[in-house]
Structure formats: structure tokens, C-alpha cells
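Listing of start-v9.csv; format and content: CSV, C-alpha atoms and all ligand atoms.
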chain,number,residue,atom,x,y,z
A,246,MET,CA,0.0,0.0,0.0
A,247,ASN,CA,1.1,3.6,-0.7
A,248,LYS,CA,2.2,5.6,2.3
A,249,ALA,CA,-0.5,7.6,4.0
A,250,GLU,CA,-0.2,11.4,4.0
A,251,LEU,CA,-0.5,13.8,7.0
A,252,ILE,CA,-2.9,16.7,6.7
A,253,VAL,CA,-2.6,19.4,9.3
A,254,ALA,CA,-5.9,21.0,10.3
A,255,LEU,CA,-5.4,24.8,10.4
A,256,ASP,CA,-8.2,25.4,12.9
A,257,VAL,CA,-7.3,29.1,13.7
A,258,PRO,CA,-9.5,32.2,13.9
A,259,SER,CA,-7.6,34.7,11.7
A,260,ALA,CA,-5.1,35.4,9.0
A,261,GLU,CA,-2.6,36.6,11.7
A,262,ALA,CA,-3.0,33.4,13.7
A,263,LEU,CA,-2.6,31.4,10.4
A,264,GLU,CA,0.6,33.2,9.5
A,265,ALA,CA,2.1,32.7,13.0
A,266,ARG,CA,1.3,29.0,12.9
A,267,LEU,CA,2.6,28.5,9.4
A,268,GLN,CA,5.9,30.0,10.4
A,269,GLU,CA,6.2,27.5,13.2
A,270,LEU,CA,5.2,24.4,11.2
A,271,PRO,CA,7.8,22.4,9.3
A,272,ASP,CA,8.3,22.7,5.6
A,273,PHE,CA,7.9,19.0,5.1
A,274,ILE,CA,4.1,19.2,5.7
A,275,GLU,CA,2.6,19.2,2.2
A,276,TRP,CA,-1.1,19.2,3.0
A,277,TYR,CA,-3.1,21.7,5.0
A,278,LYS,CA,-6.8,21.7,5.9
A,279,VAL,CA,-8.8,24.9,6.0
A,280,GLY,CA,-12.1,24.5,7.8
A,281,LEU,CA,-15.1,26.5,8.8
A,282,GLU,CA,-13.5,28.6,11.5
A,283,LEU,CA,-10.7,30.1,9.3
A,284,PHE,CA,-12.8,30.2,6.1
A,285,CYS,CA,-15.7,32.1,7.8
A,286,ALA,CA,-13.2,34.5,9.2
A,287,GLU,CA,-11.1,35.3,6.2
A,288,GLY,CA,-12.9,33.8,3.1
A,289,PRO,CA,-10.8,32.6,0.2
A,290,SER,CA,-7.9,34.9,1.0
A,291,ALA,CA,-7.1,32.4,3.8
A,292,LEU,CA,-5.9,30.0,1.1
A,293,GLU,CA,-3.3,32.5,-0.4
A,294,PRO,CA,-0.5,31.8,2.1
A,295,LEU,CA,-0.8,28.1,1.4
A,296,LYS,CA,-0.8,28.6,-2.3
A,297,THR,CA,2.3,30.9,-2.1
A,298,ARG,CA,4.1,28.1,-0.2
A,299,GLY,CA,3.0,25.5,-2.8
A,300,LYS,CA,1.0,23.5,-0.3
A,301,LYS,CA,-1.9,21.2,-1.2
A,302,ILE,CA,-5.2,22.4,0.2
A,303,PHE,CA,-8.1,20.4,1.7
A,304,LEU,CA,-11.1,22.8,2.0
A,305,ASP,CA,-13.3,21.2,4.6
A,306,LEU,CA,-16.6,23.0,4.4
A,307,LYS,CA,-18.7,19.8,4.7
A,308,LEU,CA,-21.3,20.9,2.2
A,309,HIS,CA,-24.8,19.8,2.9
A,310,ASP,CA,-27.6,21.6,1.0
A,311,ILE,CA,-29.9,21.1,-2.0
A,312,PRO,CA,-28.1,19.7,-5.0
A,313,ARG,CA,-27.9,22.9,-7.0
A,314,THR,CA,-26.5,24.9,-4.1
A,315,VAL,CA,-23.9,22.3,-3.4
A,316,GLY,CA,-22.9,21.9,-7.1
A,317,HIS,CA,-22.4,25.6,-7.5
A,318,ALA,CA,-20.5,25.8,-4.2
A,319,VAL,CA,-18.1,23.0,-5.4
A,320,LYS,CA,-17.5,25.0,-8.6
A,321,THR,CA,-16.8,28.4,-6.9
A,322,ALA,CA,-14.6,26.8,-4.2
A,323,ALA,CA,-12.7,24.8,-6.8
A,324,ALA,CA,-11.9,28.0,-8.7
A,325,HIS,CA,-9.8,29.0,-5.7
A,326,GLY,CA,-7.4,26.1,-6.4
A,327,VAL,CA,-8.2,23.5,-3.8
A,328,ASN,CA,-7.2,19.9,-4.1
A,329,LEU,CA,-9.7,18.2,-1.9
A,330,MET,CA,-13.2,19.1,-0.5
A,331,THR,CA,-15.8,17.6,1.7
A,332,VAL,CA,-19.5,17.1,1.4
A,333,HIS,CA,-21.9,15.3,3.8
A,334,ALA,CA,-23.0,11.9,2.6
A,335,VAL,CA,-26.4,12.4,4.3
A,336,GLY,CA,-27.1,15.1,1.7
A,337,GLY,CA,-28.3,12.2,-0.4
A,338,ARG,CA,-27.7,10.7,-3.9
A,339,ALA,CA,-28.9,13.7,-6.0
A,340,MET,CA,-26.7,16.1,-4.0
A,341,LEU,CA,-23.7,13.8,-4.2
A,342,GLU,CA,-24.1,13.3,-7.9
A,343,GLU,CA,-24.5,17.0,-8.5
A,344,ALA,CA,-21.3,17.6,-6.5
A,345,ALA,CA,-19.4,15.0,-8.4
A,346,LYS,CA,-20.6,16.4,-11.8
A,347,ALA,CA,-19.7,19.9,-10.8
A,348,ALA,CA,-16.2,18.8,-9.7
A,349,ALA,CA,-15.7,17.0,-13.0
A,350,GLU,CA,-16.6,20.1,-15.0
A,351,CYS,CA,-13.9,22.2,-13.2
A,352,THR,CA,-10.7,23.2,-15.0
A,353,ASN,CA,-8.7,21.7,-12.2
A,354,PRO,CA,-11.1,19.2,-10.6
A,355,PRO,CA,-10.8,18.8,-6.9
A,356,LYS,CA,-11.2,15.4,-5.3
A,357,LEU,CA,-14.4,15.1,-3.3
A,358,VAL,CA,-14.7,13.1,-0.1
A,359,ALA,CA,-18.0,12.5,1.8
A,360,VAL,CA,-18.3,12.6,5.6
A,361,THR,CA,-20.0,9.4,6.8
A,362,THR,CA,-20.2,10.1,10.5
A,363,LEU,CA,-18.5,12.8,12.4
A,364,THR,CA,-15.8,11.5,14.7
A,365,SER,CA,-17.3,13.5,17.5
A,366,LEU,CA,-20.5,11.4,17.5
A,367,ASN,CA,-20.9,8.0,19.2
A,368,GLN,CA,-23.6,5.4,19.5
A,369,ASP,CA,-25.5,7.5,22.2
A,370,ASP,CA,-25.6,10.4,19.8
A,371,PHE,CA,-27.1,8.1,17.1
A,372,THR,CA,-29.9,7.2,19.6
A,373,ASP,CA,-30.5,11.0,20.1
A,374,LEU,CA,-30.6,11.5,16.3
A,375,GLY,CA,-33.0,8.6,15.8
A,376,ILE,CA,-30.5,6.6,13.8
A,377,GLY,CA,-31.2,2.9,14.3
A,378,ARG,CA,-27.9,1.6,12.7
A,379,THR,CA,-24.6,1.0,14.4
A,380,ILE,CA,-21.8,3.5,13.5
A,381,SER,CA,-20.2,0.9,11.4
A,382,GLU,CA,-23.4,0.0,9.5
A,383,GLN,CA,-24.0,3.7,8.9
A,384,ALA,CA,-20.5,4.3,7.6
A,385,LEU,CA,-20.9,1.4,5.1
A,386,ALA,CA,-24.3,2.4,3.9
A,387,LEU,CA,-23.3,6.1,3.4
A,388,GLY,CA,-20.0,5.0,1.9
A,389,ARG,CA,-21.9,2.9,-0.7
A,390,LEU,CA,-24.2,5.8,-1.4
A,391,ALA,CA,-21.3,8.3,-1.8
A,392,ILE,CA,-19.0,6.1,-3.9
A,393,SER,CA,-21.8,4.9,-6.2
A,394,SER,CA,-22.7,8.6,-6.7
A,395,GLY,CA,-19.2,9.4,-8.1
A,396,ILE,CA,-17.5,10.7,-4.9
A,397,ASP,CA,-13.8,9.9,-4.7
A,398,GLY,CA,-13.5,9.0,-1.1
A,399,LEU,CA,-14.8,9.1,2.5
A,400,VAL,CA,-14.1,10.8,5.7
A,401,THR,CA,-14.4,8.3,8.5
A,402,SER,CA,-13.0,7.4,11.9
A,403,ALA,CA,-10.1,5.0,11.8
A,404,HIS,CA,-12.4,2.4,13.5
A,405,GLU,CA,-14.6,2.2,10.4
A,406,ALA,CA,-11.8,2.5,7.9
A,407,LYS,CA,-11.0,-1.2,7.6
A,408,VAL,CA,-14.5,-2.2,6.6
A,409,LEU,CA,-14.6,0.7,4.1
A,410,ARG,CA,-11.2,-0.2,2.6
A,411,GLU,CA,-12.3,-3.8,2.0
A,412,GLU,CA,-15.5,-2.6,0.3
A,413,PHE,CA,-13.8,0.3,-1.7
A,414,PRO,CA,-10.3,-0.7,-2.5
A,415,ASP,CA,-9.5,2.5,-4.5
A,416,ALA,CA,-11.3,5.1,-2.4
A,417,LEU,CA,-9.5,7.9,-0.6
A,418,LEU,CA,-10.0,7.3,3.1
A,419,ILE,CA,-9.5,10.4,5.3
A,420,THR,CA,-9.3,9.8,9.0
A,421,PRO,CA,-9.6,12.6,11.6
A,422,GLY,CA,-9.8,12.0,15.3
A,423,ILE,CA,-6.1,11.0,15.4
A,424,ARG,CA,-4.3,11.1,18.8
A,425,MET,CA,-1.1,9.7,20.2
A,426,PRO,CA,-1.8,6.9,22.8
A,427,ASP,CA,-1.5,9.4,25.7
A,428,GLY,CA,-3.0,12.4,23.9
A,429,ASP,CA,-5.8,14.6,25.1
A,430,ILE,CA,-8.9,13.7,23.0
A,431,GLY,CA,-10.8,17.0,23.4
A,432,ASP,CA,-14.3,16.8,21.9
A,433,GLN,CA,-13.5,13.8,19.7
A,434,LYS,CA,-15.0,10.5,20.8
A,435,ARG,CA,-13.7,7.8,18.4
A,436,VAL,CA,-10.0,8.5,18.3
A,437,ALA,CA,-7.2,6.3,17.1
A,438,THR,CA,-3.4,6.4,16.8
A,439,PRO,CA,-1.7,7.3,13.5
A,440,SER,CA,-0.3,3.7,13.1
A,441,PHE,CA,-3.8,2.2,13.7
A,442,ALA,CA,-5.4,4.5,11.1
A,443,VAL,CA,-2.7,3.6,8.5
A,444,GLU,CA,-3.1,-0.1,9.3
A,445,GLN,CA,-6.9,0.1,8.8
A,446,GLY,CA,-6.3,1.5,5.3
A,447,ALA,CA,-6.4,5.3,5.7
A,448,THR,CA,-4.8,7.3,2.8
A,449,HIS,CA,-4.8,10.7,4.6
A,450,LEU,CA,-4.7,11.4,8.4
A,451,VAL,CA,-6.1,14.8,9.5
A,452,ILE,CA,-4.5,16.0,12.6
A,453,GLY,CA,-5.3,19.3,14.3
A,454,ARG,CA,-4.8,20.1,18.0
A,455,PRO,CA,-2.1,17.5,18.7
A,456,ILE,CA,0.2,19.4,16.3
A,457,MET,CA,-1.3,22.9,16.3
A,458,GLN,CA,-1.5,23.2,20.1
A,459,ALA,CA,1.8,21.4,20.9
A,460,ALA,CA,4.5,23.3,22.7
A,461,ASP,CA,6.8,22.1,19.9
A,462,PRO,CA,4.7,21.6,16.7
A,463,ILE,CA,7.7,20.3,14.7
A,464,ALA,CA,8.5,17.6,17.3
A,465,ALA,CA,4.7,16.7,17.4
A,466,ALA,CA,4.5,16.4,13.6
A,467,ILE,CA,7.6,14.2,13.5
A,468,ALA,CA,6.3,12.0,16.3
A,469,MET,CA,3.0,11.6,14.4
A,470,ILE,CA,4.8,10.7,11.2
A,471,GLU,CA,7.0,8.2,13.0
A,472,ASN,CA,4.0,6.6,14.6
A,473,MET,CA,2.3,6.5,11.1
A,474,ASN,CA,5.2,4.7,9.7
A,475,GLN,CA,5.5,2.1,12.5
A,501,LIG,O1,-8.0,18.9,16.5
A,501,LIG,P1,-8.4,17.6,15.9
A,501,LIG,O2,-7.2,16.7,15.5
A,501,LIG,O3,-9.4,16.9,16.6
A,501,LIG,O4,-9.0,18.1,14.5
A,501,LIG,C1,-9.7,17.3,13.6
A,501,LIG,C2,-10.1,18.1,12.4
A,501,LIG,O5,-10.9,17.2,11.5
A,501,LIG,C3,-11.1,19.2,12.7
A,501,LIG,O6,-10.7,20.3,11.8
A,501,LIG,C4,-12.5,18.7,12.4
A,501,LIG,O7,-13.3,19.7,11.9
A,501,LIG,C5,-12.2,17.7,11.3
A,501,LIG,N1,-13.1,16.6,11.2
A,501,LIG,C6,-13.4,15.7,12.2
A,501,LIG,N2,-14.3,14.7,12.0
A,501,LIG,C7,-14.9,14.5,10.9
A,501,LIG,C8,-14.6,15.3,9.8
A,501,LIG,C9,-13.7,16.4,10.0
A,501,LIG,O8,-12.9,15.9,13.3
A,501,LIG,N3,-15.7,13.4,10.7

Would you put the structure from the file into C-alpha cells?
Ligand code: C5P
Amino acid sequence: MNKAELIVALDVPSAEALEARLQELPDFIEWYKVGLELFCAEGPSALEPLKTRGKKIFLDLKLHDIPRTVGHAVKTAAAHGVNLMTVHAVGGRAMLEEAAKAAAECTNPPKLVAVTTLTSLNQDDFTDLGIGRTISEQALALGRLAISSGIDGLVTSAHEAKVLREEFPDALLITPGIRMPDGDIGDQKRVATPSFAVEQGATHLVIGRPIMQAADPIAAAIAMIENMNQ
């Protein structure tokens, strides 16, 4: 299997905070994720410092709306030069197909990945939401829906990755909720170590706080990569 890649989640509130963090983070990090916090604060200009540095961009806006709105959002976002974007699989087949069609029509088509279940949700949350499936059943059902709708891959916890990898040998599998064995889990509920995620078939590991909030982000990134390669 190819080596998995590390994506650092730039969950910061402003362009100033972004610049400060980028100066501390090591050059060897090729992928960065810009999510709702930074994109709502700065808009597309938040992507410029990453483009200037030649980084690959994962724009994580988790699109979930009617098909037309999502399709148009994919096109306008892709025009900013992003490599990877998220949609919510629960948006349904028509929305997923519209997103895939819109991406394919772009000059530089971004890859699309669908969120199956947020890693901050557990089985108790499913009960609250009225979802009768287990997390693993839900991941597989939504994975089938997304991949058969033309989506390139899935965002999933490492705990569901193996089942998805077996079912979808060629899909991108992006796993957030990554922590070192002794790491603080914060609001995540289904966490896993880097090596476990890779072993389960992840292609990209999204890591935020364990690197961004580390006293020494370079050492934290190196430790994560070493753990991934174990
Ligand atoms: O700080 P931490 O490593 O928990 O950050 C994980 C990142 O991955 C956050 O930016 C979060 O929005 C994102 N994410 C997630 N779970 C998903 C999809 C994305 O935690 N299912």
C-alpha cells in the first residue's frame, strides 16, 4: 500500500494566527486543511499563504444543502485552487451526484470526499438522532451511497476504515480523530493512533490540535509521522 499522508488542520481564527502557525510548522508538511473557522473569518484569502508556499489544500466546508447549491459551491470553491473538498453523505444521492458532476466540470477538478459520521459522534448520539444503525453500518451504507454517486472517497474514523477499505479498494479514506496513545482527546469520541489508522487503510490522516496546540509543533509532527510509519 502507498504511504498515507499527513494533513494538518489549520483550525485558527484569523489570518494573523494562520501566518504565525505556518511559520512554526515544518516545511515537510505538504497538506493543510482549512475548515469553517478560518474560512468564515477570512474567506478565500485564507488560502493564499498556502498557495504561495506551494501546499496542497483540503477545503473542509462539509457541504450539505440542496443539489444545485452544493454543485455551485463546489465550482466556486474549486476555482480558488483547492485539491480536496468535503460534502456530507447524508445530503443524499442527488446532492452527491451533482457535487461529483460539478467537480468533473472544473478546469482543475478537486477530489471530493464524503463525511460518513463525524468522529465527535458516538452510539449515544445516534440514539438521540433517531438513527437505528450502528456507526459501522451507517459508515458502510453512506459509503456505498457516496462512492456509487461518483464521490472519490470518504471521511471516517479509523475504526470504520477497515470495513470501508475492504469494500472500496480504490477510495480515498481520510481519518480525523487522530491522537497519540497518551494524547488529550478534546471533543473527539472515536479516536485512534496514527499507526492504527494507517493499518486500517487510511490514505490521509487529518491532525489538528495534537500538532497545532503542541508546545513544539515540529516535534509533534515528527512524532506523528514516525507513529504513522511504524
Ligand atoms: O484537533 P483535531 O485533530 O481533533 O481536528 C480534527 C479536524 O478534523 C477538525 O478540523 C475537524 O473539523 C475535522 N473533522 C473531524 N471529524 C470528521 C470530519 C472532519 O474531526 N468526521

Just the number, please: distance in Å from CA of Ala391 (chain A) to CA of Ile252 (chain A), one decimal.
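These atoms are spaced 21.9 Å apart.
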
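Minimum atom-to-atom distance to Ala344 (chain A), evaluated using all atoms listed in the file, belongs to A:Leu357 out of A:Leu390, A:Ala464, A:Leu357, A:Val451.
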
Excluding same-chain residues fewer than 3 positions from region 400-413 of chain A, what lies within 10 Å of it counting all atoms listed in the file, as a VMD selection string?
chain A and resid 331 to 334 357 to 365 380 to 386 388 to 389 392 416 to 423 434 to 451

I need the chosen residues saved as a PDB file, in the coordinates of the input, with C-alpha atoms.
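Resulting contents of again07.pdb:
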ATOM      1  CA  THR A 331     -15.800  17.600   1.700  1.00  0.00           C
ATOM      2  CA  VAL A 332     -19.500  17.100   1.400  1.00  0.00           C
ATOM      3  CA  HIS A 333     -21.900  15.300   3.800  1.00  0.00           C
ATOM      4  CA  ALA A 334     -23.000  11.900   2.600  1.00  0.00           C
ATOM      5  CA  LEU A 357     -14.400  15.100  -3.300  1.00  0.00           C
ATOM      6  CA  VAL A 358     -14.700  13.100  -0.100  1.00  0.00           C
ATOM      7  CA  ALA A 359     -18.000  12.500   1.800  1.00  0.00           C
ATOM      8  CA  VAL A 360     -18.300  12.600   5.600  1.00  0.00           C
ATOM      9  CA  THR A 361     -20.000   9.400   6.800  1.00  0.00           C
ATOM     10  CA  THR A 362     -20.200  10.100  10.500  1.00  0.00           C
ATOM     11  CA  LEU A 363     -18.500  12.800  12.400  1.00  0.00           C
ATOM     12  CA  THR A 364     -15.800  11.500  14.700  1.00  0.00           C
ATOM     13  CA  SER A 365     -17.300  13.500  17.500  1.00  0.00           C
ATOM     14  CA  ILE A 380     -21.800   3.500  13.500  1.00  0.00           C
ATOM     15  CA  SER A 381     -20.200   0.900  11.400  1.00  0.00           C
ATOM     16  CA  GLU A 382     -23.400   0.000   9.500  1.00  0.00           C
ATOM     17  CA  GLN A 383     -24.000   3.700   8.900  1.00  0.00           C
ATOM     18  CA  ALA A 384     -20.500   4.300   7.600  1.00  0.00           C
ATOM     19  CA  LEU A 385     -20.900   1.400   5.100  1.00  0.00           C
ATOM     20  CA  ALA A 386     -24.300   2.400   3.900  1.00  0.00           C
ATOM     21  CA  GLY A 388     -20.000   5.000   1.900  1.00  0.00           C
ATOM     22  CA  ARG A 389     -21.900   2.900  -0.700  1.00  0.00           C
ATOM     23  CA  ILE A 392     -19.000   6.100  -3.900  1.00  0.00           C
ATOM     24  CA  ALA A 416     -11.300   5.100  -2.400  1.00  0.00           C
ATOM     25  CA  LEU A 417      -9.500   7.900  -0.600  1.00  0.00           C
ATOM     26  CA  LEU A 418     -10.000   7.300   3.100  1.00  0.00           C
ATOM     27  CA  ILE A 419      -9.500  10.400   5.300  1.00  0.00           C
ATOM     28  CA  THR A 420      -9.300   9.800   9.000  1.00  0.00           C
ATOM     29  CA  PRO A 421      -9.600  12.600  11.600  1.00  0.00           C
ATOM     30  CA  GLY A 422      -9.800  12.000  15.300  1.00  0.00           C
ATOM     31  CA  ILE A 423      -6.100  11.000  15.400  1.00  0.00           C
ATOM     32  CA  LYS A 434     -15.000  10.500  20.800  1.00  0.00           C
ATOM     33  CA  ARG A 435     -13.700   7.800  18.400  1.00  0.00           C
ATOM     34  CA  VAL A 436     -10.000   8.500  18.300  1.00  0.00           C
ATOM     35  CA  ALA A 437      -7.200   6.300  17.100  1.00  0.00           C
ATOM     36  CA  THR A 438      -3.400   6.400  16.800  1.00  0.00           C
ATOM     37  CA  PRO A 439      -1.700   7.300  13.500  1.00  0.00           C
ATOM     38  CA  SER A 440      -0.300   3.700  13.100  1.00  0.00           C
ATOM     39  CA  PHE A 441      -3.800   2.200  13.700  1.00  0.00           C
ATOM     40  CA  ALA A 442      -5.400   4.500  11.100  1.00  0.00           C
ATOM     41  CA  VAL A 443      -2.700   3.600   8.500  1.00  0.00           C
ATOM     42  CA  GLU A 444      -3.100  -0.100   9.300  1.00  0.00           C
ATOM     43  CA  GLN A 445      -6.900   0.100   8.800  1.00  0.00           C
ATOM     44  CA  GLY A 446      -6.300   1.500   5.300  1.00  0.00           C
ATOM     45  CA  ALA A 447      -6.400   5.300   5.700  1.00  0.00           C
ATOM     46  CA  THR A 448      -4.800   7.300   2.800  1.00  0.00           C
ATOM     47  CA  HIS A 449      -4.800  10.700   4.600  1.00  0.00           C
ATOM     48  CA  LEU A 450      -4.700  11.400   8.400  1.00  0.00           C
ATOM     49  CA  VAL A 451      -6.100  14.800   9.500  1.00  0.00           C
TER      50      VAL A 451
END

Hey, which of A:Glu471, A:Asp397, A:Glu275, A:Asp256 ends up closest to ligand LIG 501 (chain A)? Count all atoms listed in the file.
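For ligand LIG 501 (chain A), the nearest of the candidates is A:Asp256.
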
Using all atoms listed in the file, which of A:Leu366, A:Gln475, A:Glu342, A:Pro354 sits nearest Ala322 (chain A)?
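Nearest to Ala322 (chain A): A:Pro354.
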
List the neighbours of Arg266 (chain A) out to 10 Å using all atoms listed in the file; skip same-chain residues closer than 4 positions along the sequence, and give me the result as an MDAnalysis selection string.
chainID A and resid 255 257 260:262 270:271 457:458 462

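Ranking A:Asp432, A:Asp310, A:Asp427, A:Asp415 by their shortest atom-to-atom distance to Asn367 (chain A), with all atoms listed in the file included, puts A:Asp432 first.
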
Counting all atoms listed in the file, select every polymer residue within 12 Å of (-14.1, 15.8, -9.2) as defined in the file's coordinates, and provide the selection as an mmCIF file with C-alpha atoms, in the coordinates of the input.
data_model
loop_
_atom_site.group_PDB
_atom_site.id
_atom_site.type_symbol
_atom_site.label_atom_id
_atom_site.label_comp_id
_atom_site.auth_asym_id
_atom_site.auth_seq_id
_atom_site.Cartn_x
_atom_site.Cartn_y
_atom_site.Cartn_z
ATOM 1 C CA GLY A 316 -22.900 21.900 -7.100
ATOM 2 C CA VAL A 319 -18.100 23.000 -5.400
ATOM 3 C CA LYS A 320 -17.500 25.000 -8.600
ATOM 4 C CA ALA A 323 -12.700 24.800 -6.800
ATOM 5 C CA VAL A 327 -8.200 23.500 -3.800
ATOM 6 C CA ASN A 328 -7.200 19.900 -4.100
ATOM 7 C CA LEU A 329 -9.700 18.200 -1.900
ATOM 8 C CA MET A 330 -13.200 19.100 -0.500
ATOM 9 C CA THR A 331 -15.800 17.600 1.700
ATOM 10 C CA VAL A 332 -19.500 17.100 1.400
ATOM 11 C CA LEU A 341 -23.700 13.800 -4.200
ATOM 12 C CA GLU A 342 -24.100 13.300 -7.900
ATOM 13 C CA GLU A 343 -24.500 17.000 -8.500
ATOM 14 C CA ALA A 344 -21.300 17.600 -6.500
ATOM 15 C CA ALA A 345 -19.400 15.000 -8.400
ATOM 16 C CA LYS A 346 -20.600 16.400 -11.800
ATOM 17 C CA ALA A 347 -19.700 19.900 -10.800
ATOM 18 C CA ALA A 348 -16.200 18.800 -9.700
ATOM 19 C CA ALA A 349 -15.700 17.000 -13.000
ATOM 20 C CA GLU A 350 -16.600 20.100 -15.000
ATOM 21 C CA CYS A 351 -13.900 22.200 -13.200
ATOM 22 C CA THR A 352 -10.700 23.200 -15.000
ATOM 23 C CA ASN A 353 -8.700 21.700 -12.200
ATOM 24 C CA PRO A 354 -11.100 19.200 -10.600
ATOM 25 C CA PRO A 355 -10.800 18.800 -6.900
ATOM 26 C CA LYS A 356 -11.200 15.400 -5.300
ATOM 27 C CA LEU A 357 -14.400 15.100 -3.300
ATOM 28 C CA VAL A 358 -14.700 13.100 -0.100
ATOM 29 C CA SER A 394 -22.700 8.600 -6.700
ATOM 30 C CA GLY A 395 -19.200 9.400 -8.100
ATOM 31 C CA ILE A 396 -17.500 10.700 -4.900
ATOM 32 C CA ASP A 397 -13.800 9.900 -4.700
ATOM 33 C CA GLY A 398 -13.500 9.000 -1.100
#

Point out the residue among A:Pro258, A:Gly299, A:Gly337, A:Pro414 with the least atom-to-atom distance to Leu283 (chain A), counting only C-alpha atoms.
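So, comparing all the options, the nearest one is A:Pro258.
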
Between A:Asp461, A:Glu282, A:Asp272, A:Glu293, which has the minimum distance to ligand LIG 501 (chain A) (counting only C-alpha atoms and all ligand atoms)?
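Checking each candidate against ligand LIG 501 (chain A), we get A:Glu282 as the closest.
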